[in-house]
$ cat entry_19.txt   # compact mmCIF, C-alpha atoms and all ligand atoms
# COMPACT_ATOMS: atom_id res chain seq x y z
CA MET A 1 -23.92 15.17 32.13
CA ASN A 2 -24.87 16.30 28.67
CA ASP A 3 -27.95 15.16 26.74
CA ALA A 4 -26.02 12.65 24.65
CA ALA A 5 -24.57 10.92 27.68
CA LEU A 6 -28.01 10.79 29.32
CA GLN A 7 -29.37 8.99 26.26
CA GLY A 8 -26.42 6.61 26.30
CA LYS A 9 -25.17 7.99 22.99
CA LEU A 10 -21.52 8.24 22.03
CA LYS A 11 -20.21 11.53 20.75
CA LEU A 12 -18.64 11.51 17.31
CA ALA A 13 -16.64 14.26 15.64
CA THR A 14 -15.16 14.30 12.13
CA ALA A 15 -12.74 16.55 10.30
CA ALA A 16 -11.49 16.86 6.74
CA LEU A 17 -7.85 17.94 6.63
CA CYS A 18 -5.95 17.79 3.34
CA GLY A 19 -8.24 15.41 1.47
CA CYS A 20 -10.86 15.71 -1.25
CA PHE A 21 -13.89 15.24 1.01
CA GLY A 22 -14.40 11.84 -0.64
CA CYS A 23 -14.17 10.02 2.68
CA HIS A 24 -16.95 12.16 4.10
CA MET A 25 -18.99 11.47 0.96
CA SER A 26 -18.34 7.78 1.53
CA LEU A 27 -19.60 8.15 5.11
CA LEU A 28 -22.79 9.66 3.67
CA ASP A 29 -22.98 6.69 1.29
CA ILE A 30 -24.19 4.59 4.23
CA ASP A 31 -27.51 6.04 2.99
CA GLU A 32 -30.50 5.30 5.20
CA ARG A 33 -28.24 3.63 7.75
CA ILE A 34 -27.45 7.18 8.84
CA LEU A 35 -30.79 7.07 10.71
CA LYS A 36 -29.45 4.13 12.70
CA LEU A 37 -26.19 6.02 13.19
CA VAL A 38 -27.85 9.04 14.76
CA GLU A 39 -29.56 6.69 17.20
CA LEU A 40 -26.13 5.44 18.26
CA VAL A 41 -24.10 8.63 18.22
CA GLU A 42 -24.48 12.34 18.55
CA PHE A 43 -22.46 14.40 16.11
CA ASP A 44 -20.15 16.99 17.60
CA ARG A 45 -17.78 19.04 15.46
CA THR A 46 -18.07 17.87 11.87
CA PRO A 47 -18.64 19.48 8.46
CA LEU A 48 -22.02 17.70 8.57
CA THR A 49 -23.26 19.79 11.52
CA ASP A 50 -21.10 22.80 10.84
CA ILE A 51 -20.22 22.95 14.56
CA LYS A 52 -16.88 24.75 14.56
CA SER A 53 -15.27 23.76 17.84
CA ILE A 54 -14.91 20.32 19.30
CA GLY A 55 -16.15 19.21 22.73
CA GLN A 56 -15.11 16.07 24.59
CA CYS A 57 -15.84 13.16 22.24
CA ASP A 58 -15.69 9.38 22.24
CA ILE A 59 -14.72 8.96 18.61
CA GLY A 60 -12.97 11.27 16.13
CA LEU A 61 -12.69 10.45 12.44
CA ILE A 62 -9.96 12.21 10.48
CA GLU A 63 -10.00 12.44 6.71
CA GLY A 64 -6.99 13.88 4.91
CA GLY A 65 -3.31 14.33 5.59
CA VAL A 66 -1.50 17.20 7.26
CA ALA A 67 -0.49 19.84 4.74
CA ASN A 68 -0.72 23.17 6.53
CA ALA A 69 -0.52 24.80 9.96
CA GLU A 70 -4.29 24.71 10.44
CA ASN A 71 -4.37 20.95 9.77
CA VAL A 72 -1.84 20.48 12.58
CA GLU A 73 -3.92 22.58 14.95
CA VAL A 74 -7.21 20.79 14.17
CA LEU A 75 -5.57 17.37 14.39
CA ARG A 76 -4.00 18.13 17.79
CA ASP A 77 -7.32 19.52 19.01
CA PHE A 78 -9.05 16.32 17.93
CA ARG A 79 -6.44 14.19 19.66
CA LYS A 80 -6.92 16.17 22.84
CA HIS A 81 -10.71 15.84 22.77
CA CYS A 82 -11.28 12.32 21.37
CA ASN A 83 -10.86 9.11 23.32
CA ILE A 84 -10.46 7.18 20.08
CA LEU A 85 -8.97 8.80 17.00
CA VAL A 86 -9.32 7.14 13.62
CA ALA A 87 -7.45 7.85 10.38
CA ILE A 88 -9.86 7.40 7.46
CA GLY A 89 -8.70 7.06 3.86
CA GLU A 90 -5.36 7.04 2.05
CA CYS A 91 -4.54 10.72 2.63
CA ALA A 92 -4.87 10.37 6.40
CA VAL A 93 -3.16 6.97 6.37
CA ASN A 94 -0.17 7.74 4.13
CA GLY A 95 -0.53 11.25 2.73
CA GLY A 96 -2.27 10.03 -0.43
CA ILE A 97 -2.45 12.07 -3.62
CA PRO A 98 -1.55 15.38 -1.89
CA ALA A 99 1.73 13.79 -0.73
CA MET A 100 2.76 13.59 -4.39
CA ARG A 101 3.85 17.19 -3.93
CA ASN A 102 6.55 15.92 -1.57
CA GLN A 103 8.52 15.15 -4.73
CA PHE A 104 9.02 18.88 -5.25
CA ASP A 105 10.22 21.88 -3.27
CA LEU A 106 7.28 23.85 -1.90
CA GLN A 107 8.62 27.03 -3.48
CA ASP A 108 8.62 25.32 -6.89
CA CYS A 109 5.01 24.18 -6.43
CA LEU A 110 3.85 27.70 -5.56
CA GLN A 111 5.90 29.19 -8.37
CA GLU A 112 4.37 26.81 -10.91
CA VAL A 113 0.79 27.24 -9.71
CA TYR A 114 0.66 30.98 -9.09
CA ILE A 115 3.42 32.47 -11.24
CA ASP A 116 4.62 30.37 -14.18
CA GLY A 117 1.63 28.10 -14.81
CA ILE A 118 -0.27 28.13 -18.07
CA GLY A 119 -3.09 30.67 -18.08
CA VAL A 120 -2.08 32.46 -14.88
CA GLU A 121 -3.26 36.07 -14.82
CA ASN A 122 -1.87 38.62 -12.36
CA PRO A 123 0.85 36.28 -11.09
CA LEU A 124 1.17 36.68 -7.32
CA LEU A 125 1.99 34.31 -4.46
CA PRO A 126 -0.93 34.20 -1.99
CA ASN A 127 0.16 36.03 1.15
CA ASP A 128 -3.04 36.92 2.99
CA PRO A 129 -2.40 36.33 6.73
CA GLU A 130 -5.78 34.52 6.91
CA ILE A 131 -4.45 31.71 4.69
CA PRO A 132 -2.83 28.93 6.74
CA LEU A 133 0.85 28.46 5.97
CA LEU A 134 1.70 25.35 3.99
CA LEU A 135 4.02 22.77 5.51
CA ASP A 136 7.15 21.81 3.65
CA LYS A 137 5.75 18.30 3.17
CA VAL A 138 2.36 16.59 3.43
CA HIS A 139 2.31 14.05 6.27
CA PRO A 140 0.06 11.16 7.24
CA VAL A 141 -1.76 11.91 10.50
CA HIS A 142 0.07 9.24 12.52
CA GLU A 143 3.28 11.20 12.02
CA VAL A 144 1.78 14.09 14.02
CA VAL A 145 -0.43 12.49 16.71
CA ARG A 146 -1.13 9.01 18.06
CA ILE A 147 -3.82 7.23 16.02
CA ASP A 148 -5.89 4.35 17.38
CA TYR A 149 -7.32 2.86 14.18
CA PHE A 150 -6.67 3.09 10.45
CA LEU A 151 -9.21 2.58 7.67
CA PRO A 152 -7.41 2.51 4.33
CA GLY A 153 -9.10 3.06 0.96
CA CYS A 154 -9.53 5.94 -1.45
CA PRO A 155 -12.09 6.25 -0.07
CA PRO A 156 -12.90 3.39 2.29
CA SER A 157 -16.33 2.18 1.18
CA ALA A 158 -19.47 3.02 3.11
CA ASP A 159 -19.58 -0.63 4.17
CA THR A 160 -16.05 -0.41 5.56
CA ILE A 161 -16.90 2.69 7.57
CA TRP A 162 -20.20 1.21 8.71
CA THR A 163 -18.61 -2.12 9.72
CA PHE A 164 -15.95 -0.25 11.64
CA ILE A 165 -18.26 2.11 13.52
CA ASN A 166 -20.58 -0.73 14.46
CA ASP A 167 -17.80 -3.06 15.62
CA LEU A 168 -16.30 -0.22 17.63
CA ILE A 169 -19.55 0.80 19.30
CA GLU A 170 -20.53 -2.80 20.04
CA GLY A 171 -17.10 -3.51 21.49
CA ASN A 172 -16.35 -6.24 18.92
CA ASP A 173 -12.90 -6.93 17.50
CA ILE A 174 -12.49 -4.82 14.39
CA SER A 175 -12.17 -7.20 11.49
CA PHE A 176 -12.82 -6.62 7.82
CA PRO A 177 -13.58 -9.23 5.17
CA TYR A 178 -10.98 -9.35 2.35
CA SER A 179 -13.09 -7.29 -0.04
CA LEU A 180 -13.22 -4.33 2.35
CA ILE A 181 -9.44 -3.91 2.61
CA HIS A 182 -8.00 -1.92 -0.27
CA TYR A 183 -5.60 0.99 -0.73
CA ASP A 184 -7.35 2.61 -3.68
CA MET B 1 7.99 -40.01 -7.52
CA SER B 2 7.95 -38.97 -3.92
CA SER B 3 11.16 -39.36 -1.97
CA GLY B 4 9.17 -40.24 1.13
CA LYS B 5 10.73 -37.34 3.02
CA THR B 6 8.44 -34.89 4.79
CA PHE B 7 8.46 -31.88 7.06
CA LYS B 8 5.63 -30.14 8.89
CA LEU B 9 4.14 -26.85 7.65
CA ASP B 10 1.68 -25.53 10.22
CA GLY B 11 1.33 -29.10 11.40
CA LYS B 12 0.61 -30.48 7.94
CA ALA B 13 2.98 -33.02 6.38
CA ILE B 14 4.66 -31.71 3.21
CA SER B 15 6.79 -34.02 1.10
CA PHE B 16 9.98 -32.78 -0.46
CA GLU B 17 12.77 -33.86 -2.77
CA GLU B 18 16.48 -33.57 -2.18
CA GLY B 19 17.57 -29.99 -2.96
CA ASP B 20 14.15 -28.44 -2.32
CA THR B 21 13.80 -25.30 -0.27
CA ILE B 22 10.83 -24.99 2.07
CA MET B 23 9.28 -22.67 -0.55
CA ASP B 24 9.77 -25.19 -3.40
CA ALA B 25 8.07 -27.96 -1.46
CA ALA B 26 5.24 -25.71 -0.23
CA LEU B 27 4.55 -24.38 -3.74
CA ARG B 28 4.42 -27.91 -5.14
CA ALA B 29 1.99 -28.91 -2.40
CA GLY B 30 -0.19 -25.89 -3.17
CA GLU B 31 0.52 -24.22 0.17
CA TYR B 32 0.89 -20.45 0.08
CA ILE B 33 3.88 -18.79 1.76
CA PRO B 34 3.75 -15.00 1.12
CA HIS B 35 6.65 -13.77 -1.02
CA LEU B 36 7.71 -10.90 -3.28
CA CYS B 37 11.24 -11.46 -4.61
CA HIS B 38 10.67 -15.15 -5.21
CA ASN B 39 9.54 -16.59 -8.51
CA PRO B 40 10.01 -20.34 -8.93
CA GLU B 41 11.38 -19.80 -12.44
CA PHE B 42 14.47 -18.10 -11.05
CA LYS B 43 17.19 -18.67 -8.51
CA PRO B 44 16.12 -17.54 -5.03
CA HIS B 45 17.21 -14.02 -4.07
CA GLY B 46 16.29 -14.07 -0.37
CA SER B 47 16.12 -10.28 -0.24
CA CYS B 48 12.56 -9.25 0.60
CA ARG B 49 12.32 -11.60 3.62
CA VAL B 50 8.52 -11.57 3.37
CA CYS B 51 8.53 -15.40 3.19
CA VAL B 52 9.89 -15.49 6.74
CA VAL B 53 8.84 -18.64 8.58
CA ASP B 54 9.80 -20.02 11.95
CA VAL B 55 11.86 -23.20 11.74
CA ASN B 56 12.35 -24.89 15.09
CA GLY B 57 12.43 -21.50 16.85
CA HIS B 58 14.48 -19.58 14.27
CA SER B 59 13.21 -17.01 11.75
CA MET B 60 14.31 -18.00 8.24
CA SER B 61 13.37 -17.11 4.69
CA ALA B 62 11.46 -20.06 3.22
CA CYS B 63 12.86 -19.39 -0.27
CA THR B 64 16.45 -20.06 0.80
CA ARG B 65 16.11 -22.50 3.71
CA PRO B 66 16.60 -26.10 2.50
CA ALA B 67 13.76 -28.43 3.41
CA GLU B 68 14.80 -30.96 5.99
CA GLN B 69 13.26 -34.13 7.37
CA ASP B 70 10.85 -33.56 10.28
CA ILE B 71 11.45 -29.83 10.80
CA ASP B 72 8.51 -27.88 12.21
CA VAL B 73 7.73 -24.84 10.06
CA ASP B 74 5.38 -22.12 11.32
CA ASN B 75 3.88 -20.22 8.39
CA SER B 76 0.84 -18.60 9.94
CA SER B 77 1.14 -17.75 13.64
CA ASP B 78 0.38 -14.18 14.73
CA ALA B 79 4.08 -13.66 15.46
CA ILE B 80 5.08 -14.61 11.91
CA MET B 81 2.29 -12.53 10.37
CA ASP B 82 3.38 -9.55 12.52
CA LEU B 83 6.95 -9.90 11.27
CA ARG B 84 5.79 -10.02 7.65
CA ARG B 85 3.54 -7.03 8.15
CA SER B 86 6.43 -5.05 9.60
CA LEU B 87 8.63 -5.93 6.63
CA LEU B 88 5.90 -4.81 4.26
CA GLN B 89 5.36 -1.58 6.20
CA MET B 90 9.07 -0.84 5.84
CA LEU B 91 8.83 -1.41 2.08
CA PHE B 92 5.87 0.95 1.86
CA VAL B 93 7.46 3.86 3.78
CA GLU B 94 10.83 3.43 2.09
CA GLY B 95 9.42 4.24 -1.36
CA ASN B 96 6.46 6.31 -2.50
CA HIS B 97 3.47 4.04 -2.88
CA ILE B 98 0.46 6.18 -3.73
CA CYS B 99 -1.78 3.31 -4.76
CA PRO B 100 -4.75 5.42 -5.94
CA ALA B 101 -2.42 6.95 -8.56
CA CYS B 102 -0.70 3.72 -9.62
CA GLU B 103 -1.44 1.82 -12.83
CA LYS B 104 -0.66 -1.47 -11.09
CA SER B 105 -3.13 -1.00 -8.26
CA GLY B 106 -5.41 -4.00 -7.89
CA ALA B 107 -2.94 -6.27 -9.67
CA CYS B 108 0.12 -5.47 -7.55
CA GLN B 109 1.76 -8.19 -5.54
CA LEU B 110 3.09 -5.86 -2.84
CA GLN B 111 -0.42 -4.59 -2.26
CA ALA B 112 -1.91 -8.10 -2.41
CA VAL B 113 0.54 -9.52 0.12
CA ALA B 114 -0.17 -6.52 2.36
CA TYR B 115 -3.90 -7.24 2.11
CA TYR B 116 -3.19 -10.88 2.90
CA THR B 117 -1.39 -9.88 6.11
CA ARG B 118 -4.22 -7.47 6.94
CA MET B 119 -1.93 -4.43 6.86
CA LEU B 120 -4.14 -1.41 7.56
CA SER B 121 -1.47 1.27 7.89
CA PRO B 122 2.18 1.87 7.04
CA ARG B 123 2.76 2.56 10.77
CA PHE B 124 6.31 3.92 10.37
CA THR B 125 7.43 7.42 9.43
CA HIS B 126 7.56 7.90 5.68
CA PHE B 127 10.87 8.63 4.00
CA PHE B 128 9.22 10.42 1.06
CA PRO B 129 12.37 9.96 -1.03
CA ARG B 130 12.57 11.97 -4.22
CA ARG B 131 12.87 9.53 -7.05
CA SER B 132 12.44 10.02 -10.74
CA ILE B 133 10.68 8.30 -13.60
CA ASP B 134 12.42 7.00 -16.72
CA ALA B 135 9.99 7.22 -19.63
CA SER B 136 12.66 7.26 -22.34
CA HIS B 137 11.70 3.85 -23.75
CA PRO B 138 8.90 3.98 -26.33
CA ASP B 139 7.02 0.99 -24.88
CA ILE B 140 8.10 0.82 -21.25
CA VAL B 141 8.06 3.21 -18.30
CA PHE B 142 10.04 2.87 -15.09
CA TYR B 143 9.00 4.33 -11.72
CA PHE B 144 11.88 4.38 -9.24
CA ASN B 145 9.35 5.30 -6.52
CA ARG B 146 7.75 1.88 -6.66
CA CYS B 147 10.73 -0.43 -7.22
CA ILE B 148 11.25 -2.74 -4.25
CA LEU B 149 14.62 -4.00 -5.52
CA CYS B 150 13.44 -7.59 -5.67
CA GLY B 151 15.94 -8.27 -8.45
CA LEU B 152 13.47 -10.27 -10.56
CA CYS B 153 13.92 -8.15 -13.69
CA GLU B 154 17.68 -8.46 -13.23
CA ARG B 155 17.49 -12.26 -13.03
CA ALA B 156 15.03 -12.54 -15.94
CA SER B 157 17.03 -10.23 -18.20
CA ARG B 158 20.24 -12.08 -17.47
CA ASP B 159 19.01 -15.68 -17.32
CA VAL B 160 16.18 -15.74 -19.87
CA ASP B 161 16.52 -12.74 -22.19
CA GLY B 162 20.32 -12.95 -22.23
CA LYS B 163 20.54 -9.15 -22.20
CA ASN B 164 21.69 -8.12 -18.73
CA VAL B 165 19.76 -4.86 -18.86
CA PHE B 166 19.29 -4.45 -15.08
CA SER B 167 21.50 -4.36 -12.05
CA ILE B 168 21.08 -3.19 -8.47
CA SER B 169 23.72 -0.63 -7.63
CA GLY B 170 24.65 1.14 -4.39
CA ARG B 171 24.17 0.03 -0.80
CA GLY B 172 21.48 0.33 1.84
CA ILE B 173 19.08 3.19 1.39
CA ASN B 174 21.07 4.39 -1.63
CA SER B 175 20.50 1.16 -3.56
CA LYS B 176 18.79 1.64 -6.87
CA LEU B 177 18.16 -0.16 -10.08
CA VAL B 178 20.49 0.88 -12.91
CA PHE B 179 20.13 0.21 -16.61
CA ASN B 180 22.83 -1.12 -18.85
CA SER B 181 22.97 1.43 -21.67
CA PRO B 182 25.43 4.08 -22.88
CA SER B 183 23.32 6.92 -21.47
CA GLY B 184 22.01 5.00 -18.46
CA LYS B 185 18.51 5.56 -19.86
CA LEU B 186 16.16 2.65 -20.36
CA GLY B 187 15.34 3.84 -23.87
CA ASP B 188 18.95 3.32 -24.94
CA SER B 189 19.12 -0.22 -23.54
CA GLU B 190 18.34 -3.43 -25.41
CA LEU B 191 15.15 -3.97 -23.44
CA SER B 192 12.09 -4.86 -25.46
CA VAL B 193 8.53 -4.87 -24.15
CA THR B 194 8.17 -8.57 -24.93
CA ASP B 195 11.19 -9.45 -22.76
CA LYS B 196 10.67 -11.76 -19.84
CA ALA B 197 12.15 -9.05 -17.62
CA VAL B 198 9.16 -6.79 -18.20
CA SER B 199 6.68 -9.50 -17.28
CA VAL B 200 8.13 -10.45 -13.90
CA CYS B 201 7.95 -7.17 -11.99
CA PRO B 202 5.65 -7.79 -9.00
CA VAL B 203 4.87 -4.09 -8.49
CA GLY B 204 4.14 -0.99 -10.56
CA ALA B 205 7.81 -0.17 -11.20
CA LEU B 206 8.56 -1.68 -14.62
CA LEU B 207 5.42 -1.24 -16.70
CA PRO B 208 4.48 -1.60 -20.34
CA LYS B 209 3.13 1.73 -21.60
CA HIS B 210 -0.40 2.29 -22.93
CA GLN B 211 -2.07 -0.28 -20.66
CA GLY B 212 -2.72 1.68 -17.48
CA TYR B 213 -6.15 1.46 -15.88
CA GLU B 214 -7.46 -0.85 -18.62
CA LYS B 215 -9.28 -3.03 -16.14
CA PRO B 216 -12.05 -1.44 -14.08
CA ILE B 217 -12.06 -1.64 -10.30
CA GLY B 218 -13.77 -4.86 -9.32
CA LYS B 219 -12.29 -6.81 -12.27
CA ARG B 220 -8.61 -6.54 -11.36
CA LEU B 221 -6.44 -9.48 -10.37
CA TYR B 222 -6.72 -9.24 -6.60
CA ASP B 223 -9.99 -7.33 -6.25
CA THR B 224 -12.12 -10.19 -5.02
CA LYS B 225 -9.79 -13.06 -4.21
CA PRO B 226 -6.63 -13.02 -2.10
CA ILE B 227 -3.19 -13.79 -3.46
CA SER B 228 -3.16 -17.12 -1.61
CA VAL B 229 -5.86 -18.20 -4.08
CA VAL B 230 -4.96 -16.13 -7.17
CA GLY B 231 -1.17 -16.68 -7.13
CA ASP B 232 1.69 -14.40 -8.20
CA ALA B 233 1.13 -11.37 -10.41
CA ALA B 234 3.81 -12.60 -12.84
CA LEU B 235 1.62 -15.56 -13.80
CA TYR B 236 -0.77 -13.12 -15.42
CA GLN B 237 1.72 -10.76 -17.00
CA SER B 238 3.07 -12.90 -19.81
CA VAL B 239 3.48 -11.51 -23.30
CA ASN B 240 0.21 -10.07 -24.48
CA ARG B 241 1.58 -6.91 -25.85
CA SER B 242 1.82 -7.15 -29.59
CA SER B 243 -1.20 -7.77 -31.75
CA LYS B 244 0.74 -10.66 -33.28
CA SER B 245 0.97 -12.45 -29.98
CA SER B 246 -1.56 -15.20 -29.45
CA GLU B 247 -0.32 -16.06 -25.99
CA SER B 248 -2.28 -14.65 -23.11
CA ASN B 249 -3.00 -15.78 -19.61
CA GLU B 250 -5.83 -13.36 -19.04
S1 LIG A 301 3.45 -0.51 -6.81
FE1 LIG A 301 1.77 -1.54 -5.74
S2 LIG A 301 1.96 -0.83 -3.61
FE2 LIG A 301 3.18 0.57 -4.89
S3 LIG A 301 1.80 2.25 -5.42
FE3 LIG A 301 1.62 0.73 -7.06
S4 LIG A 301 -0.13 -0.55 -6.44
FE4 LIG A 301 0.52 0.57 -4.62
S1 LIG A 302 11.76 -3.05 -11.29
FE1 LIG A 302 10.31 -4.53 -10.47
S2 LIG A 302 11.29 -6.51 -10.92
FE2 LIG A 302 12.89 -4.97 -11.10
S3 LIG A 302 13.86 -4.88 -9.06
FE3 LIG A 302 12.29 -3.26 -9.13
S4 LIG A 302 10.48 -4.24 -8.25
FE4 LIG A 302 11.86 -5.90 -8.82

$ encode --input "entry_19.txt" --output "C-alpha cells" --more "lines below"
Ligand code: SF4
Ligand code: SF4
Amino acid sequence: MNDAALQGKLKLATAALCGCFGCHMSLLDIDERILKLVELVEFDRTPLTDIKSIGQCDIGLIEGGVANAENVEVLRDFRKHCNILVAIGECAVNGGIPAMRNQFDLQDCLQEVYIDGIGVENPLLPNDPEIPLLLDKVHPVHEVVRIDYFLPGCPPSADTIWTFINDLIEGNDISFPYSLIHYD
Amino acid sequence: MSSGKTFKLDGKAISFEEGDTIMDAALRAGEYIPHLCHNPEFKPHGSCRVCVVDVNGHSMSACTRPAEQDIDVDNSSDAIMDLRRSLLQMLFVEGNHICPACEKSGACQLQAVAYYTRMLSPRFTHFFPRRSIDASHPDIVFYFNRCILCGLCERASRDVDGKNVFSISGRGINSKLVFNSPSGKLGDSELSVTDKAVSVCPVGALLPKHQGYEKPIGKRLYDTKPISVVGDAALYQSVNRSSKSSESNE
C-alpha cells in the first residue's frame, strides 16, 4: 500500500491536452479550499506537481480536446490508470475553440500560419521529430476513450469543480444547481 | 370562457378549447413544455421534436398533438427528459455549436433548453460539418453552423413579412436553409433587419450585426433563471434595432 492509501486519501491526476489551461486555472480558483482538497486527495501526475508519469489513480481530470498524437497517448494512459475519468471544460467536452480548425484542411491551417500569414519570417513548416504530429481534426475526449463524467463550461467555475469533486468523494449523486451549468 | 374540457399534464388538470394542441393549452395555463421550433405566433412545424410528451403510452410532439378530454400527458418523467436530451444532443453534434465563440450564448434557446434538461455532454460523435457564413447583408449575418432548421424564419418571412426570403432545401443531413435572391446571397434578398423573420431565430444562426457580446456574462437572458421561468428567446428579440424604434422588450 502506498502512503496515500494508508491515509485514506484518493489519488487524483490531471492533464491539459489541447486547451488553454483555463480549466486548471479555474481549479486553482477554489482558493484556500485547496488546503481542504489536499487533505482529501493526493496529487499524482498533474501540471501542478510536475510529476511526468501517471500511477494508478482514483480520479483523472482531463482538460482540453485531442488535437495531436501526444494528446491521444496521454488520454489513453489516463484511461488505463484512472478508475474515474472526467472531461472538464468545453474543449474536452466538445472540442471547443480549437475544434474551429475542423472547418479547414490541416494543410491550409499550417500553410496560413507558417508560410503565408502576415508577418511570417523565414517561412517553414515545423518538422522537428520532437513535435507531436497534429491530427486531421480536433476531437472531444469521449470520441477517443470512455469518459465517466462531464463538466461543461469555458471554464467550469471553481464552484462547479469543487461541488463535483466533493460530491464524488463523498459518494453523493452529482447534481449541479442551474447557475453552475453553462457551456461558455 | 372555459369550455369545461380538461386533460391531465403531469397529473394536473389543464383546461383546453376545441382546436387546441397540448402545447396551446399548456402555454395558456403557464405550464412549460420544452420546445425549439414552436412559437405560438406561427403554425406548428413539429420538426424539432423537443416537445415530446408521453400521451397514454405513446411519444408525441405536444405542438402538433390535439388536446383531448381526459388524456394523461407525461411532461417530466426521467424517460421523457432522457428522450429530449438525446434529441438535443443530436442537434448539437449535427452542427458546430462552439458556445464560447457564439454571440448568442447566454440568450440562446437551444442552450437554455439543454440546460433545462441538464445536458452535460453532447455524448454522440460530432459530425463537424463544414458550413459557411453569409455576411453579405449589411445588417444581418447568417451562420449555417448554428441553424437548427426550425423553420421559424421561413414562417415569419412568409406569414408576417410577406417576403418569402427563406426556405429549407434538400433532404436529411443535406438539408439547409436557402435564401430567395438572384445570387442566393442574403444581401441580395429583400430581408431587412427589422423583419419579424430576424427576431424569431431561437439560436445564433440569423443575427443582427453590431450587437454581439453587448450584454456581459451574468446579465444575459438565461444566465440566472431557467427558460421555464424566462420564456422563449423570441419574446426578447423584438425590433430594437433602429434608433427610431421606441419598442423594446428588454
Ligand atoms: S447557437 Fe446556441 S447552442 Fe449554438 S453555439 Fe450559439 S449559443 Fe451555443
Ligand atoms: S435560421 Fe434560425 S429561425 Fe431560421 S431555420 Fe435556422 S434556426 Fe430556425

$ interface_residues --input "entry_19.txt" --of "chain B" --to "chain A" --cutoff "8 Å" --atoms "only C-alpha atoms" --output "list in words"
Ile98, Cys99, Pro100, Ala101, Ser105, Gln111, Tyr115, Tyr116, Arg118, Leu120, Ser121, Pro122, Arg123, Thr125, His126, Phe128, Pro129, Arg130, Arg131, Asp223, Thr224, Lys225 and Pro226 of chain B

$ residues_near_point --input "entry_19.txt" --point "(-18.8, 21.9, 4.3)" --cutoff "12 Å" --atoms "all atoms listed in the file" --output "VMD selection string"
chain A and resid 14 to 17 20 to 21 24 to 25 45 to 52

$ atom_distance --input "entry_19.txt" --atom1 "CA of Leu191 in chain B" --atom2 "CA of Ser238 in chain B"
15.5 Å

$ atom_distance --input "entry_19.txt" --atom1 "CA of Gly30 in chain B" --atom2 "CA of Cys48 in chain B"
21.3 Å

$ atom_distance --input "entry_19.txt" --atom1 "CA of Cys51 in chain B" --atom2 "CA of Ala233 in chain B"
16.0 Å

$ residues_near_ligand --input "entry_19.txt" --ligand "ligand LIG 301 (chain A)" --cutoff "8 Å" --atoms "only C-alpha atoms and all ligand atoms" --output "count of residues only"
25
